[in-house]
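K.L.:
Have a peek at query.cif (mmCIF, C-alpha atoms).
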data_structure
#
loop_
_atom_site.group_PDB
_atom_site.id
_atom_site.type_symbol
_atom_site.label_atom_id
_atom_site.label_comp_id
_atom_site.auth_asym_id
_atom_site.auth_seq_id
_atom_site.Cartn_x
_atom_site.Cartn_y
_atom_site.Cartn_z
ATOM 1 C CA MET A 1 -14.836 149.286 131.470
ATOM 2 C CA GLY A 2 -16.003 147.654 128.230
ATOM 3 C CA ARG A 3 -15.040 148.986 124.836
ATOM 4 C CA LEU A 4 -18.583 150.090 123.970
ATOM 5 C CA LYS A 5 -18.782 152.107 127.176
ATOM 6 C CA ASN A 6 -15.321 153.549 126.461
ATOM 7 C CA LEU A 7 -16.487 154.571 123.001
ATOM 8 C CA ARG A 8 -19.629 156.235 124.401
ATOM 9 C CA THR A 9 -17.433 158.279 126.735
ATOM 10 C CA ARG A 10 -15.115 159.287 123.878
ATOM 11 C CA VAL A 11 -18.048 160.304 121.681
ATOM 12 C CA GLU A 12 -19.667 162.397 124.412
ATOM 13 C CA ASP A 13 -16.317 164.022 125.226
ATOM 14 C CA ALA A 14 -15.709 164.829 121.541
ATOM 15 C CA LEU A 15 -19.132 166.452 121.245
ATOM 16 C CA THR A 16 -18.374 168.955 123.996
ATOM 17 C CA VAL A 17 -16.962 171.176 121.210
ATOM 18 C CA MET A 18 -20.553 171.824 120.157
ATOM 19 C CA GLU A 19 -21.364 175.094 121.904
ATOM 20 C CA ASP A 20 -25.127 174.925 121.348
ATOM 21 C CA ARG A 21 -26.316 172.653 124.149
ATOM 22 C CA GLY A 22 -29.590 171.854 122.395
ATOM 23 C CA LYS A 23 -27.770 170.688 119.264
ATOM 24 C CA ARG A 24 -25.256 168.743 121.361
ATOM 25 C CA ASP A 25 -28.040 167.015 123.302
ATOM 26 C CA ALA A 26 -29.866 166.210 120.053
ATOM 27 C CA ALA A 27 -26.649 164.779 118.599
ATOM 28 C CA ILE A 28 -26.083 162.561 121.620
ATOM 29 C CA GLN A 29 -29.717 161.414 121.557
ATOM 30 C CA HIS A 30 -29.529 160.577 117.850
ATOM 31 C CA LEU A 31 -26.262 158.675 118.146
ATOM 32 C CA ALA A 32 -27.488 156.750 121.190
ATOM 33 C CA GLY A 33 -30.844 156.032 119.545
ATOM 34 C CA VAL A 34 -29.266 154.745 116.350
ATOM 35 C CA SER A 35 -26.802 152.690 118.397
ATOM 36 C CA LEU A 36 -29.633 151.025 120.308
ATOM 37 C CA ALA A 37 -31.688 150.390 117.164
ATOM 38 C CA ALA A 38 -28.590 148.926 115.454
ATOM 39 C CA THR A 39 -28.007 146.629 118.422
ATOM 40 C CA LEU A 40 -31.558 145.298 118.255
ATOM 41 C CA LEU A 41 -31.551 144.843 114.484
ATOM 42 C CA ALA A 42 -28.177 143.096 114.518
ATOM 43 C CA GLU A 43 -29.384 140.724 117.241
ATOM 44 C CA LYS A 44 -32.562 139.993 115.285
ATOM 45 C CA ARG A 45 -30.572 139.317 112.116
ATOM 46 C CA GLY A 46 -27.877 137.219 113.815
ATOM 47 C CA LEU A 47 -25.089 139.742 113.250
ATOM 48 C CA ASP A 48 -22.479 141.322 115.537
ATOM 49 C CA SER A 49 -24.520 143.664 117.717
ATOM 50 C CA GLU A 50 -21.524 145.240 119.441
ATOM 51 C CA LEU A 51 -19.991 146.366 116.147
ATOM 52 C CA ALA A 52 -23.398 147.637 115.031
ATOM 53 C CA ALA A 53 -23.750 149.592 118.283
ATOM 54 C CA MET A 54 -20.287 151.096 117.840
ATOM 55 C CA ALA A 55 -21.074 152.169 114.281
ATOM 56 C CA GLY A 56 -24.320 153.722 115.479
ATOM 57 C CA LEU A 57 -22.430 155.810 118.025
ATOM 58 C CA LEU A 58 -20.006 157.076 115.402
ATOM 59 C CA HIS A 59 -22.032 157.345 112.211
ATOM 60 C CA ASP A 60 -22.731 161.124 112.208
ATOM 61 C CA MET A 61 -19.715 162.338 114.165
ATOM 62 C CA ALA A 62 -18.092 164.000 111.142
ATOM 63 C CA ALA A 63 -21.232 166.068 110.554
ATOM 64 C CA TYR A 64 -21.589 167.056 114.194
ATOM 65 C CA LEU A 65 -17.939 167.996 114.617
ATOM 66 C CA SER A 66 -17.695 169.948 111.366
ATOM 67 C CA GLY A 67 -21.208 171.378 111.265
ATOM 68 C CA SER A 68 -21.650 170.076 107.709
ATOM 69 C CA TYR A 69 -23.460 167.045 106.325
ATOM 70 C CA GLU A 70 -21.623 167.299 103.002
ATOM 71 C CA ASP A 71 -20.051 163.878 102.342
ATOM 72 C CA HIS A 72 -20.454 163.177 106.060
ATOM 73 C CA ALA A 73 -20.690 159.402 105.664
ATOM 74 C CA HIS A 74 -17.334 159.116 103.932
ATOM 75 C CA ARG A 75 -15.692 161.638 106.242
ATOM 76 C CA GLY A 76 -17.301 159.826 109.161
ATOM 77 C CA ALA A 77 -15.672 156.552 108.169
ATOM 78 C CA ASP A 78 -12.283 158.285 108.207
ATOM 79 C CA TYR A 79 -13.034 159.809 111.613
ATOM 80 C CA ALA A 80 -14.117 156.430 112.992
ATOM 81 C CA ARG A 81 -11.014 154.693 111.644
ATOM 82 C CA SER A 82 -8.775 157.259 113.286
ATOM 83 C CA LEU A 83 -10.579 157.131 116.641
ATOM 84 C CA LEU A 84 -10.854 153.345 116.745
ATOM 85 C CA THR A 85 -7.186 152.954 115.815
ATOM 86 C CA GLU A 86 -6.222 155.414 118.539
ATOM 87 C CA MET A 87 -8.342 153.564 121.102
ATOM 88 C CA GLY A 88 -6.816 150.214 120.110
ATOM 89 C CA GLU A 89 -9.809 148.161 121.255
ATOM 90 C CA THR A 90 -10.924 146.747 117.899
ATOM 91 C CA THR A 91 -9.183 144.420 115.479
ATOM 92 C CA GLU A 92 -8.418 145.626 111.955
ATOM 93 C CA GLU A 93 -11.349 143.541 110.685
ATOM 94 C CA GLU A 94 -13.728 145.027 113.253
ATOM 95 C CA THR A 95 -12.553 148.548 112.473
ATOM 96 C CA GLU A 96 -13.091 147.957 108.765
ATOM 97 C CA ALA A 97 -16.586 146.556 109.373
ATOM 98 C CA ILE A 98 -17.542 149.593 111.480
ATOM 99 C CA CYS A 99 -16.075 151.986 108.910
ATOM 100 C CA SER A 100 -17.913 150.226 106.081
ATOM 101 C CA MET A 101 -21.217 150.629 107.928
ATOM 102 C CA ILE A 102 -20.557 154.336 108.416
ATOM 103 C CA TYR A 103 -19.254 154.863 104.868
ATOM 104 C CA HIS A 104 -22.437 153.399 103.344
ATOM 105 C CA HIS A 105 -25.070 154.560 105.840
ATOM 106 C CA ASP A 106 -26.305 157.561 103.864
ATOM 107 C CA ASP A 107 -27.020 155.626 100.671
ATOM 108 C CA LYS A 108 -30.470 154.367 101.597
ATOM 109 C CA HIS A 109 -31.350 153.250 98.037
ATOM 110 C CA THR A 110 -28.486 150.761 97.684
ATOM 111 C CA VAL A 111 -28.184 147.355 99.322
ATOM 112 C CA ASP A 112 -24.731 146.705 100.765
ATOM 113 C CA ALA A 113 -23.278 144.139 103.181
ATOM 114 C CA PRO A 114 -25.600 142.863 105.941
ATOM 115 C CA LEU A 115 -23.956 144.936 108.697
ATOM 116 C CA ASP A 116 -24.043 148.023 106.460
ATOM 117 C CA GLU A 117 -27.777 147.471 106.093
ATOM 118 C CA VAL A 118 -28.200 147.304 109.863
ATOM 119 C CA LEU A 119 -26.830 150.825 110.305
ATOM 120 C CA LYS A 120 -28.899 152.229 107.429
ATOM 121 C CA ASP A 121 -32.032 150.689 108.898
ATOM 122 C CA ALA A 122 -31.205 151.822 112.447
ATOM 123 C CA ASP A 123 -30.742 155.383 111.170
ATOM 124 C CA VAL A 124 -34.155 155.216 109.481
ATOM 125 C CA ILE A 125 -35.776 153.852 112.646
ATOM 126 C CA HIS A 126 -34.468 156.748 114.682
ATOM 127 C CA HIS A 127 -35.352 159.350 112.045
ATOM 128 C CA CYS A 128 -38.898 158.027 111.738
ATOM 129 C CA PHE A 129 -39.752 157.183 115.338
ATOM 130 C CA ASN A 130 -37.923 159.930 117.206
ATOM 131 C CA ASP A 131 -40.521 162.507 116.174
ATOM 132 C CA LEU A 132 -43.764 160.964 115.001
ATOM 133 C CA SER A 133 -45.092 164.326 113.820
ATOM 134 C CA LYS A 134 -42.526 164.514 111.033
ATOM 135 C CA PRO A 135 -43.181 162.790 107.703
ATOM 136 C CA VAL A 136 -40.893 160.006 106.542
ATOM 137 C CA LYS A 137 -38.303 161.349 104.096
ATOM 138 C CA ASP A 138 -38.760 160.212 100.502
ATOM 139 C CA LYS A 139 -35.341 158.558 100.448
ATOM 140 C CA GLU A 140 -36.307 156.506 103.532
ATOM 141 C CA LYS A 141 -39.863 155.425 102.666
ATOM 142 C CA ALA A 142 -39.058 152.091 101.019
ATOM 143 C CA ARG A 143 -36.639 151.137 103.772
ATOM 144 C CA PHE A 144 -39.139 152.235 106.431
ATOM 145 C CA ASN A 145 -41.870 150.064 104.877
ATOM 146 C CA HIS A 146 -39.527 147.084 104.824
ATOM 147 C CA LEU A 147 -38.700 147.611 108.498
ATOM 148 C CA ILE A 148 -42.376 147.857 109.440
ATOM 149 C CA ASP A 149 -42.931 144.487 107.740
ATOM 150 C CA GLU A 150 -39.763 142.882 109.142
ATOM 151 C CA LEU A 151 -40.551 143.951 112.688
ATOM 152 C CA GLY A 152 -44.251 143.132 112.415
ATOM 153 C CA LEU A 153 -45.340 146.618 113.443
ATOM 154 C CA ALA A 154 -48.773 148.104 112.917
ATOM 155 C CA CYS A 155 -47.897 151.666 112.015
ATOM 156 C CA ALA A 156 -49.918 154.533 110.656
ATOM 157 C CA LYS A 157 -46.834 155.915 108.895
ATOM 158 C CA VAL A 158 -46.671 153.187 106.230
ATOM 159 C CA TYR A 159 -46.098 154.386 102.670
ATOM 160 C CA ARG A 160 -47.272 152.011 99.978
ATOM 161 C CA PRO A 161 -47.212 152.752 96.275
ATOM 162 C CA ASP A 162 -50.693 153.278 94.830
#
Could you write out this structure as structure tokens?
P.N.:
Amino acid sequence: MGRLKNLRTRVEDALTVMEDRGKRDAAIQHLAGVSLAATLLAEKRGLDSELAAMAGLLHDMAAYLSGSYEDHAHRGADYARSLLTEMGETTEEETEAICSMIYHHDDKHTVDAPLDEVLKDADVIHHCFNDLSKPVKDKEKARFNHLIDELGLACAKVYRPD
């Protein structure tokens, strides 16, 4: 079994602590959706799509396991480092790249390393396209517009300054 598949299994197993099945299913859907979006963006940008996919699977685990989004990105990087070290399937450099993506993913107004940007953008894609009835969050509008342009999408949800 490949390391990405192993990680998916570990993530799903870890989420069994969530008693509310609806919330657990939503968590799995979000993590899988962000992972897929990160894979596609990394491929498009010529970056490591497997590391991006792994970060996508792990990026909100701290929030889901604790029930709190407070400082979840930084706590999530610590969680990912611990899990990846325990699994022993990534190099130190790969683990650090994944943890950096997770650490920075909630700061949508700052531009960080290219792989960090992949996870931020993948998170925005899933937030914005998972439920088209919801408005784009203010903190994600600029990034969403950039993605619409980058991907060449015709989208009714574009937010341009007047």
K.L.:
Interatomic distance between atom CA of Ala55 of chain A and atom CA of Ala26 of chain A?
P.N.:
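Distance between the two atoms: 17.5 Å.
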K.L.:
Go through the shown structure with the PyMOL selection byres ((chain A and resi 63) around 12) and write out the matching residues as a list in words.
P.N.:
Leu15, Met18, Lys23, Arg24, Ala27, Leu31, Leu58, His59, Asp60, Met61, Ala62, Tyr64, Leu65, Ser66, Gly67, Ser68, Tyr69, Glu70, Asp71, His72, Ala73, His74, Arg75, Gly76, Ala77, Tyr79, Ile102 and Asp106 of chain A
K.L.:
Measuring atom to atom with only C-alpha atoms, identify which of A:Val11, A:Leu57, A:Val111, A:Leu51 is nearest to Glu89 of chain A.
P.N.:
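Of all the options, A:Leu51 lies closest to Glu89 of chain A.
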K.L.:
Can you spell out as a count of residues only the set of residues that the PyMOL selection byres ((chain A and resi 136-145) around 12) selects in the structure I just provided?
P.N.:
42
K.L.:
Please indicate the distance in Å from atom CA of Leu36 of chain A to atom CA of Asp20 of chain A, rounded to one decimal place.
P.N.:
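According to the coordinates, atom CA of Leu36 of chain A and atom CA of Asp20 of chain A are separated by 24.3 Å.
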K.L.:
For Gly2 of chain A, which of A:Leu83, A:Met54, A:Ala32, A:Met101 is the closest residue, counting only C-alpha atoms?
P.N.:
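Ranked by minimum distance to Gly2 of chain A, first place goes to A:Met54.
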K.L.:
Interatomic distance between atom CA of Glu50 of chain A and atom CA of Ala38 of chain A?
P.N.:
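About the pair atom CA of Glu50 of chain A and atom CA of Ala38 of chain A: they are 8.9 Å apart.
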K.L.:
Counting all atoms listed in the file, which residue out of A:Asp25, A:Asp116, A:Glu19, A:Glu12 sits closest to Ile98 of chain A?
P.N.:
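Of all the options, A:Asp116 lies closest to Ile98 of chain A.
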K.L.:
Could you give me the centre and size, in Å to one decimal, of an axis-aligned box around all listed atoms of segment 37-48 of chain A with 3 Å added on every side, as AutoDock Vina command-line options?
P.N.:
--center_x -27.5 --center_y 143.8 --center_z 115.3 --size_x 16.1 --size_y 19.2 --size_z 12.3
K.L.:
Could you tell me which residues the PyMOL selection byres ((chain A and resi 3) around 10) grabs in this file, written as a list of chain:residue names?
P.N.:
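Expected selection for the PyMOL selection byres ((chain A and resi 3) around 10) here is A:Met1, A:Gly2, A:Leu4, A:Lys5, A:Asn6, A:Leu7, A:Arg8, A:Thr9, A:Glu50, A:Met54, A:Met87, A:Gly88, A:Glu89, A:Thr90.
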K.L.:
Which residue out of A:Asp78, A:Asp13, A:Glu94, A:Glu86 has the minimum interatomic distance to Ala52 of chain A when all atoms listed in the file are used?
P.N.:
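Under the stated criterion, the closest residue is A:Glu94.
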